[in-house]
>>> print(open('start.cif').read())   # mmCIF, C-alpha atoms, pLDDT in the B column; chains and numbers go by the auth columns
data_structure
loop_
_atom_site.group_PDB
_atom_site.id
_atom_site.type_symbol
_atom_site.label_atom_id
_atom_site.label_comp_id
_atom_site.label_asym_id
_atom_site.label_seq_id
_atom_site.Cartn_x
_atom_site.Cartn_y
_atom_site.Cartn_z
_atom_site.B_iso_or_equiv
_atom_site.auth_seq_id
_atom_site.auth_asym_id
ATOM 1 C CA MET A 1 106.443 46.116 -63.172 87.00 1 A
ATOM 2 C CA PRO A 2 104.904 43.541 -62.886 94.00 2 A
ATOM 3 C CA LEU A 3 106.542 41.958 -59.872 96.00 3 A
ATOM 4 C CA TYR A 4 106.366 38.208 -59.226 97.00 4 A
ATOM 5 C CA GLU A 5 107.653 37.506 -55.705 97.00 5 A
ATOM 6 C CA PHE A 6 108.110 33.860 -54.788 97.00 6 A
ATOM 7 C CA GLU A 7 108.426 32.883 -51.152 95.00 7 A
ATOM 8 C CA HIS A 8 109.848 29.382 -51.290 96.00 8 A
ATOM 9 C CA ALA A 9 110.139 27.066 -48.326 94.00 9 A
ATOM 10 C CA ILE A 10 112.091 24.504 -50.331 94.00 10 A
ATOM 11 C CA PRO A 11 115.557 25.114 -51.745 93.00 11 A
ATOM 12 C CA LEU A 12 115.526 26.120 -55.397 96.00 12 A
ATOM 13 C CA LYS A 13 118.514 25.622 -57.658 96.00 13 A
ATOM 14 C CA GLU A 14 119.715 28.542 -59.711 97.00 14 A
ATOM 15 C CA SER A 15 118.617 26.653 -62.850 97.00 15 A
ATOM 16 C CA GLU A 16 115.101 26.270 -61.407 97.00 16 A
ATOM 17 C CA LYS A 17 114.857 29.979 -60.615 98.00 17 A
ATOM 18 C CA GLN A 18 116.063 30.781 -64.126 98.00 18 A
ATOM 19 C CA ALA A 19 113.526 28.400 -65.688 98.00 19 A
ATOM 20 C CA ILE A 20 110.647 29.790 -63.608 98.00 20 A
ATOM 21 C CA ALA A 21 111.612 33.396 -64.357 98.00 21 A
ATOM 22 C CA HIS A 22 111.942 32.604 -68.067 98.00 22 A
ATOM 23 C CA GLY A 23 108.580 30.812 -68.210 98.00 23 A
ATOM 24 C CA ILE A 24 106.758 33.592 -66.409 98.00 24 A
ATOM 25 C CA THR A 25 108.424 36.262 -68.522 97.00 25 A
ATOM 26 C CA GLU A 26 107.422 34.503 -71.732 97.00 26 A
ATOM 27 C CA PHE A 27 103.845 34.021 -70.568 96.00 27 A
ATOM 28 C CA HIS A 28 103.443 37.613 -69.337 95.00 28 A
ATOM 29 C CA ALA A 29 105.067 39.196 -72.389 95.00 29 A
ATOM 30 C CA ASN A 30 102.902 37.223 -74.793 93.00 30 A
ATOM 31 C CA ALA A 31 99.622 37.308 -72.847 91.00 31 A
ATOM 32 C CA PHE A 32 99.743 41.040 -72.208 90.00 32 A
ATOM 33 C CA HIS A 33 101.773 42.174 -75.277 91.00 33 A
ATOM 34 C CA ALA A 34 104.450 43.631 -73.027 93.00 34 A
ATOM 35 C CA PRO A 35 108.216 43.870 -73.460 95.00 35 A
ATOM 36 C CA ARG A 36 110.066 41.168 -71.550 96.00 36 A
ATOM 37 C CA TYR A 37 112.362 43.598 -69.770 94.00 37 A
ATOM 38 C CA ILE A 38 109.503 44.938 -67.631 95.00 38 A
ATOM 39 C CA VAL A 39 108.775 41.527 -66.060 97.00 39 A
ATOM 40 C CA ASN A 40 110.464 41.203 -62.657 97.00 40 A
ATOM 41 C CA CYS A 41 110.801 37.980 -60.641 98.00 41 A
ATOM 42 C CA ARG A 42 112.122 37.794 -57.106 97.00 42 A
ATOM 43 C CA PHE A 43 112.860 34.637 -55.136 97.00 43 A
ATOM 44 C CA ILE A 44 112.848 34.832 -51.344 96.00 44 A
ATOM 45 C CA ASP A 45 114.079 31.784 -49.423 95.00 45 A
ATOM 46 C CA ILE A 46 111.831 31.517 -46.377 93.00 46 A
ATOM 47 C CA SER A 47 113.026 28.097 -45.253 89.00 47 A
ATOM 48 C CA ASP A 48 114.748 29.502 -42.164 83.00 48 A
ATOM 49 C CA GLY A 49 114.839 32.669 -40.106 78.00 49 A
ATOM 50 C CA PRO A 50 112.233 35.350 -39.379 78.00 50 A
ATOM 51 C CA LEU A 51 110.702 35.165 -42.858 79.00 51 A
ATOM 52 C CA SER A 52 109.712 31.566 -42.187 81.00 52 A
ATOM 53 C CA ASP A 53 107.095 32.580 -39.604 83.00 53 A
ATOM 54 C CA ILE A 54 104.049 31.768 -41.711 83.00 54 A
ATOM 55 C CA PHE A 55 100.802 30.644 -40.182 85.00 55 A
ATOM 56 C CA VAL A 56 97.873 29.226 -42.141 85.00 56 A
ATOM 57 C CA GLY A 57 94.665 28.609 -40.240 86.00 57 A
ATOM 58 C CA GLY A 58 96.467 29.546 -37.044 90.00 58 A
ATOM 59 C CA LYS A 59 99.108 26.830 -37.508 87.00 59 A
ATOM 60 C CA ARG A 60 102.750 27.228 -38.502 85.00 60 A
ATOM 61 C CA ARG A 61 103.319 26.146 -42.109 87.00 61 A
ATOM 62 C CA GLN A 62 106.275 25.952 -44.450 88.00 62 A
ATOM 63 C CA ILE A 63 104.693 26.597 -47.829 91.00 63 A
ATOM 64 C CA ASN A 64 105.641 27.974 -51.215 94.00 64 A
ATOM 65 C CA ARG A 65 103.590 30.931 -52.352 94.00 65 A
ATOM 66 C CA LEU A 66 103.618 33.707 -54.883 96.00 66 A
ATOM 67 C CA PHE A 67 102.584 37.336 -54.696 96.00 67 A
ATOM 68 C CA VAL A 68 102.022 39.012 -58.059 96.00 68 A
ATOM 69 C CA THR A 69 101.804 42.794 -58.098 95.00 69 A
ATOM 70 C CA LEU A 70 100.284 44.247 -61.262 93.00 70 A
ATOM 71 C CA ARG A 71 99.179 47.641 -62.465 86.00 71 A
ATOM 72 C CA SER A 72 95.889 48.681 -60.907 77.00 72 A
ATOM 73 C CA GLY A 73 92.968 49.882 -62.973 71.00 73 A
ATOM 74 C CA THR A 74 93.891 47.937 -66.103 73.00 74 A
ATOM 75 C CA GLY A 75 90.542 46.266 -66.653 78.00 75 A
ATOM 76 C CA ARG A 76 91.886 42.721 -66.652 84.00 76 A
ATOM 77 C CA THR A 77 89.064 40.245 -66.367 87.00 77 A
ATOM 78 C CA VAL A 78 88.704 37.533 -63.745 89.00 78 A
ATOM 79 C CA ASP A 79 89.251 34.976 -66.526 93.00 79 A
ATOM 80 C CA GLN A 80 92.545 36.641 -67.559 91.00 80 A
ATOM 81 C CA LEU A 81 93.727 36.618 -63.954 92.00 81 A
ATOM 82 C CA ARG A 82 92.783 32.954 -63.545 95.00 82 A
ATOM 83 C CA VAL A 83 94.718 32.097 -66.702 96.00 83 A
ATOM 84 C CA LEU A 84 97.667 34.003 -65.245 95.00 84 A
ATOM 85 C CA ILE A 85 97.450 32.024 -61.990 96.00 85 A
ATOM 86 C CA ASP A 86 97.116 28.692 -63.798 96.00 86 A
ATOM 87 C CA SER A 87 100.009 29.507 -66.131 96.00 87 A
ATOM 88 C CA VAL A 88 102.289 30.434 -63.240 96.00 88 A
ATOM 89 C CA ASN A 89 101.300 27.224 -61.457 95.00 89 A
ATOM 90 C CA ASP A 90 102.135 25.236 -64.603 95.00 90 A
ATOM 91 C CA VAL A 91 105.562 26.883 -64.868 97.00 91 A
ATOM 92 C CA TRP A 92 106.268 26.061 -61.210 97.00 92 A
ATOM 93 C CA ASP A 93 105.013 22.461 -61.515 95.00 93 A
ATOM 94 C CA ASN A 94 106.965 21.813 -64.720 95.00 94 A
ATOM 95 C CA THR A 95 110.146 23.176 -63.141 97.00 95 A
ATOM 96 C CA VAL A 96 110.001 22.048 -59.524 95.00 96 A
ATOM 97 C CA GLY A 97 107.984 18.905 -60.178 77.00 97 A
ATOM 98 C CA GLY A 98 105.992 16.618 -57.923 71.00 98 A
ATOM 99 C CA GLY A 99 107.084 15.307 -54.602 74.00 99 A
ATOM 100 C CA GLY A 100 104.040 16.004 -52.470 85.00 100 A
ATOM 101 C CA TRP A 101 102.495 19.064 -50.983 88.00 101 A
ATOM 102 C CA GLU A 102 105.835 20.411 -49.778 90.00 102 A
ATOM 103 C CA LYS A 103 106.874 21.174 -53.354 93.00 103 A
ATOM 104 C CA GLN A 104 103.543 22.637 -54.449 93.00 104 A
ATOM 105 C CA LEU A 105 103.044 26.304 -55.080 94.00 105 A
ATOM 106 C CA ARG A 106 100.320 26.375 -52.433 92.00 106 A
ATOM 107 C CA SER A 107 99.060 29.942 -52.839 93.00 107 A
ATOM 108 C CA VAL A 108 99.075 32.586 -55.549 96.00 108 A
ATOM 109 C CA TYR A 109 97.892 36.104 -54.742 95.00 109 A
ATOM 110 C CA ILE A 110 97.429 38.816 -57.339 94.00 110 A
ATOM 111 C CA LYS A 111 97.506 42.380 -56.116 91.00 111 A
ATOM 112 C CA GLY A 112 96.741 45.356 -58.344 85.00 112 A
ATOM 113 C CA SER A 113 98.588 48.126 -56.577 84.00 113 A
ATOM 114 C CA ILE A 114 101.164 49.541 -58.985 87.00 114 A
ATOM 115 C CA ASP A 115 99.568 52.808 -60.036 87.00 115 A
ATOM 116 C CA ALA A 116 102.460 54.104 -62.090 90.00 116 A
ATOM 117 C CA ALA A 117 105.883 52.807 -63.063 91.00 117 A
ATOM 118 C CA LYS A 118 109.141 53.945 -64.606 93.00 118 A
ATOM 119 C CA GLU A 119 111.782 51.477 -65.757 92.00 119 A
ATOM 120 C CA GLY A 120 114.996 52.112 -67.603 93.00 120 A
ATOM 121 C CA GLY A 121 114.195 55.820 -67.652 94.00 121 A
ATOM 122 C CA PHE A 122 110.798 55.438 -69.340 95.00 122 A
ATOM 123 C CA HIS A 123 107.361 55.925 -67.832 95.00 123 A
ATOM 124 C CA LEU A 124 105.442 52.758 -68.587 93.00 124 A
ATOM 125 C CA PRO A 125 101.988 52.865 -70.126 92.00 125 A
ATOM 126 C CA LEU A 126 98.987 50.895 -68.952 87.00 126 A
ATOM 127 C CA PRO A 127 99.212 47.313 -70.211 83.00 127 A
ATOM 128 C CA GLU A 128 96.856 47.708 -73.145 84.00 128 A
ATOM 129 C CA TYR A 129 99.082 50.470 -74.590 90.00 129 A
ATOM 130 C CA PHE A 130 102.458 48.695 -74.710 92.00 130 A
ATOM 131 C CA GLU A 131 102.405 48.049 -78.439 92.00 131 A
ATOM 132 C CA GLN A 132 102.071 51.743 -79.297 93.00 132 A
ATOM 133 C CA TRP A 133 104.511 52.734 -76.537 95.00 133 A
ATOM 134 C CA VAL A 134 107.170 50.454 -78.022 95.00 134 A
ATOM 135 C CA LYS A 135 106.539 51.847 -81.508 94.00 135 A
ATOM 136 C CA ASP A 136 106.695 55.445 -80.237 95.00 136 A
ATOM 137 C CA ASN A 137 110.023 54.874 -78.440 96.00 137 A
ATOM 138 C CA THR A 138 111.776 52.446 -80.797 96.00 138 A
ATOM 139 C CA THR A 139 114.417 54.965 -81.864 96.00 139 A
ATOM 140 C CA GLN A 140 115.372 55.710 -78.254 97.00 140 A
ATOM 141 C CA PHE A 141 115.366 52.018 -77.354 96.00 141 A
ATOM 142 C CA ARG A 142 117.714 51.218 -80.240 96.00 142 A
ATOM 143 C CA THR A 143 120.044 54.046 -79.193 97.00 143 A
ATOM 144 C CA LEU A 144 120.222 52.653 -75.649 96.00 144 A
ATOM 145 C CA ALA A 145 120.801 49.158 -77.053 96.00 145 A
ATOM 146 C CA ALA A 146 123.672 50.454 -79.173 97.00 146 A
ATOM 147 C CA GLU A 147 125.172 51.983 -76.007 97.00 147 A
ATOM 148 C CA GLY A 148 125.212 48.508 -74.423 96.00 148 A
ATOM 149 C CA ASP A 149 122.219 48.651 -72.044 95.00 149 A
ATOM 150 C CA PRO A 150 121.258 44.959 -71.620 94.00 150 A
ATOM 151 C CA ASP A 151 117.541 45.664 -71.079 94.00 151 A
ATOM 152 C CA PHE A 152 117.331 47.614 -74.298 95.00 152 A
ATOM 153 C CA ILE A 153 119.468 45.135 -76.230 95.00 153 A
ATOM 154 C CA GLN A 154 116.815 42.565 -75.326 94.00 154 A
ATOM 155 C CA LEU A 155 114.014 44.979 -76.228 95.00 155 A
ATOM 156 C CA ALA A 156 115.632 45.839 -79.576 95.00 156 A
ATOM 157 C CA GLU A 157 115.738 42.115 -80.377 95.00 157 A
ATOM 158 C CA GLU A 158 112.055 41.817 -79.463 94.00 158 A
ATOM 159 C CA ILE A 159 111.174 44.736 -81.710 94.00 159 A
ATOM 160 C CA GLU A 160 112.687 42.824 -84.617 94.00 160 A
ATOM 161 C CA THR A 161 110.947 39.524 -83.850 94.00 161 A
ATOM 162 C CA ARG A 162 107.530 40.361 -82.401 93.00 162 A
ATOM 163 C CA PRO A 163 104.911 41.406 -84.949 92.00 163 A
ATOM 164 C CA GLU A 164 102.968 43.519 -82.453 90.00 164 A
ATOM 165 C CA PHE A 165 106.012 45.803 -82.077 90.00 165 A
ATOM 166 C CA GLN A 166 106.529 46.388 -85.799 82.00 166 A
ATOM 167 C CA ARG A 167 105.890 49.863 -87.173 68.00 167 A
#
>>> encode(input="start.cif", output="structure tokens")
Amino acid sequence: MPLYEFEHAIPLKESEKQAIAHGITEFHANAFHAPRYIVNCRFIDISDGPLSDIFVGGKRRQINRLFVTLRSGTGRTVDQLRVLIDSVNDVWDNTVGGGGWEKQLRSVYIKGSIDAAKEGGFHLPLPEYFEQWVKDNTTQFRTLAAEGDPDFIQLAEEIETRPEFQR
């Protein structure tokens, strides 16, 4: 939670996927004061096979698009969602680059349909409550980090470096 699902009709290198996932994670974590480990990115190659059957305006198209699934009922404004869309587009453009319409991220759709979520054994709060949730669970997060859980190692590092997560 959230889930960024890219359907790409062009081949993406592993380094490009990593750069896109990193850029989106940084934007989402900072814009919504959320821990990085909750941001999920998925890349689906639709260049061939049954997933490539995309029609736009009744015509077959090979396009790159993104579906973002967020928590519903969070009160995000239209302006916040537009900033999200523009930021994701910037990350894509800066990573994949020009080269004509074939390389463009042609469509971005935001869906608010995650009503509740649990990750790493913890029920996640609504987005505006992440700061307090992190503070309330810091001891447990540090214990899991000490046990070697990579998600909580990352979160423990964030707790030390992000002012909004300080006690």
>>> residues_around(input="start.cif", residues="Trp133 (chain A)", least_positions_apart="6", cutoff="12 Å", atoms="all atoms listed in the file", output="list in words")
His33, Ala34, Pro35, Phe122, His123, Leu124, Pro125, Leu126, Pro127, Thr139, Gln140, Phe141, Ile159, Glu164, Phe165, Gln166 and Arg167 of chain A
>>> closest_residue(input="start.cif", among="A:Ala29, A:Val56, A:Val108, A:Leu81", to="Phe6 (chain A)", atoms="all atoms listed in the file")
A:Val108
>>> closest_residue(input="start.cif", among="A:Phe43, A:Phe55, A:Phe32, A:Tyr129", to="Lys13 (chain A)", atoms="only C-alpha atoms")
A:Phe43
>>> axis_aligned_box(input="start.cif", around="region 91-98 of chain A", padding_each_side="3 Å", output="AutoDock Vina command-line options")
--center_x 107.6 --center_y 21.8 --center_z -61.4 --size_x 11.1 --size_y 16.3 --size_z 12.9
>>> atom_distance(input="start.cif", atom1="CA of Thr95 (chain A)", atom2="CA of Asp151 (chain A)")
25.0 Å
>>> atom_distance(input="start.cif", atom1="CA of Gln104 (chain A)", atom2="CA of Ile85 (chain A)")
13.5 Å
>>> closest_residue(input="start.cif", among="A:Asp79, A:Glu16, A:Glu157, A:Asp48", to="Val91 (chain A)", atoms="all atoms listed in the file")
A:Glu16
>>> closest_residue(input="start.cif", among="A:Leu144, A:Ile153, A:Ile114, A:Ile20", to="Trp92 (chain A)", atoms="all atoms listed in the file")
A:Ile20
>>> atom_distance(input="start.cif", atom1="CA of Tyr109 (chain A)", atom2="CA of Leu51 (chain A)")
17.5 Å
>>> resolve_selection(input="start.cif", expression="the PyMOL selection byres ((chain A and resi 72) around 6)", output="number ranges by chain")
A: 71, 73-74, 112-115
>>> write_last_selection(input="start.cif", atoms="C-alpha atoms", output="compact mmCIF listing (two decimals), keeping the file's coordinate frame")
# COMPACT_ATOMS: atom_id res chain seq x y z
CA ARG A 71 99.18 47.64 -62.46
CA GLY A 73 92.97 49.88 -62.97
CA THR A 74 93.89 47.94 -66.10
CA GLY A 112 96.74 45.36 -58.34
CA SER A 113 98.59 48.13 -56.58
CA ILE A 114 101.16 49.54 -58.98
CA ASP A 115 99.57 52.81 -60.04
>>> residues_around(input="start.cif", residues="Phe152 (chain A)", least_positions_apart="4", cutoff="9 Å", atoms="only C-alpha atoms", output="number ranges by chain")
A: 37, 120, 141-146, 148, 156-157
>>> resolve_selection(input="start.cif", expression="the PyMOL selection byres ((chain A and resi 93) around 12)", output="ChimeraX atom specification")
/A:16,19-20,23,64,86-92,94-106
>>> resolve_selection(input="start.cif", expression="the PyMOL selection byres ((chain A and resi 7) around 9)", output="PyMOL selection string")
chain A and resi 5-6+8-9+42-47+51+63-67
>>> write_last_selection(input="start.cif", atoms="C-alpha atoms", output="PDB file, in the frame of the given file")
ATOM      1  CA  GLU A   5     107.653  37.506 -55.705  1.00 97.00           C
ATOM      2  CA  PHE A   6     108.110  33.860 -54.788  1.00 97.00           C
ATOM      3  CA  HIS A   8     109.848  29.382 -51.290  1.00 96.00           C
ATOM      4  CA  ALA A   9     110.139  27.066 -48.326  1.00 94.00           C
ATOM      5  CA  ARG A  42     112.122  37.794 -57.106  1.00 97.00           C
ATOM      6  CA  PHE A  43     112.860  34.637 -55.136  1.00 97.00           C
ATOM      7  CA  ILE A  44     112.848  34.832 -51.344  1.00 96.00           C
ATOM      8  CA  ASP A  45     114.079  31.784 -49.423  1.00 95.00           C
ATOM      9  CA  ILE A  46     111.831  31.517 -46.377  1.00 93.00           C
ATOM     10  CA  SER A  47     113.026  28.097 -45.253  1.00 89.00           C
ATOM     11  CA  LEU A  51     110.702  35.165 -42.858  1.00 79.00           C
ATOM     12  CA  ILE A  63     104.693  26.597 -47.829  1.00 91.00           C
ATOM     13  CA  ASN A  64     105.641  27.974 -51.215  1.00 94.00           C
ATOM     14  CA  ARG A  65     103.590  30.931 -52.352  1.00 94.00           C
ATOM     15  CA  LEU A  66     103.618  33.707 -54.883  1.00 96.00           C
ATOM     16  CA  PHE A  67     102.584  37.336 -54.696  1.00 96.00           C
TER      17      PHE A  67
END
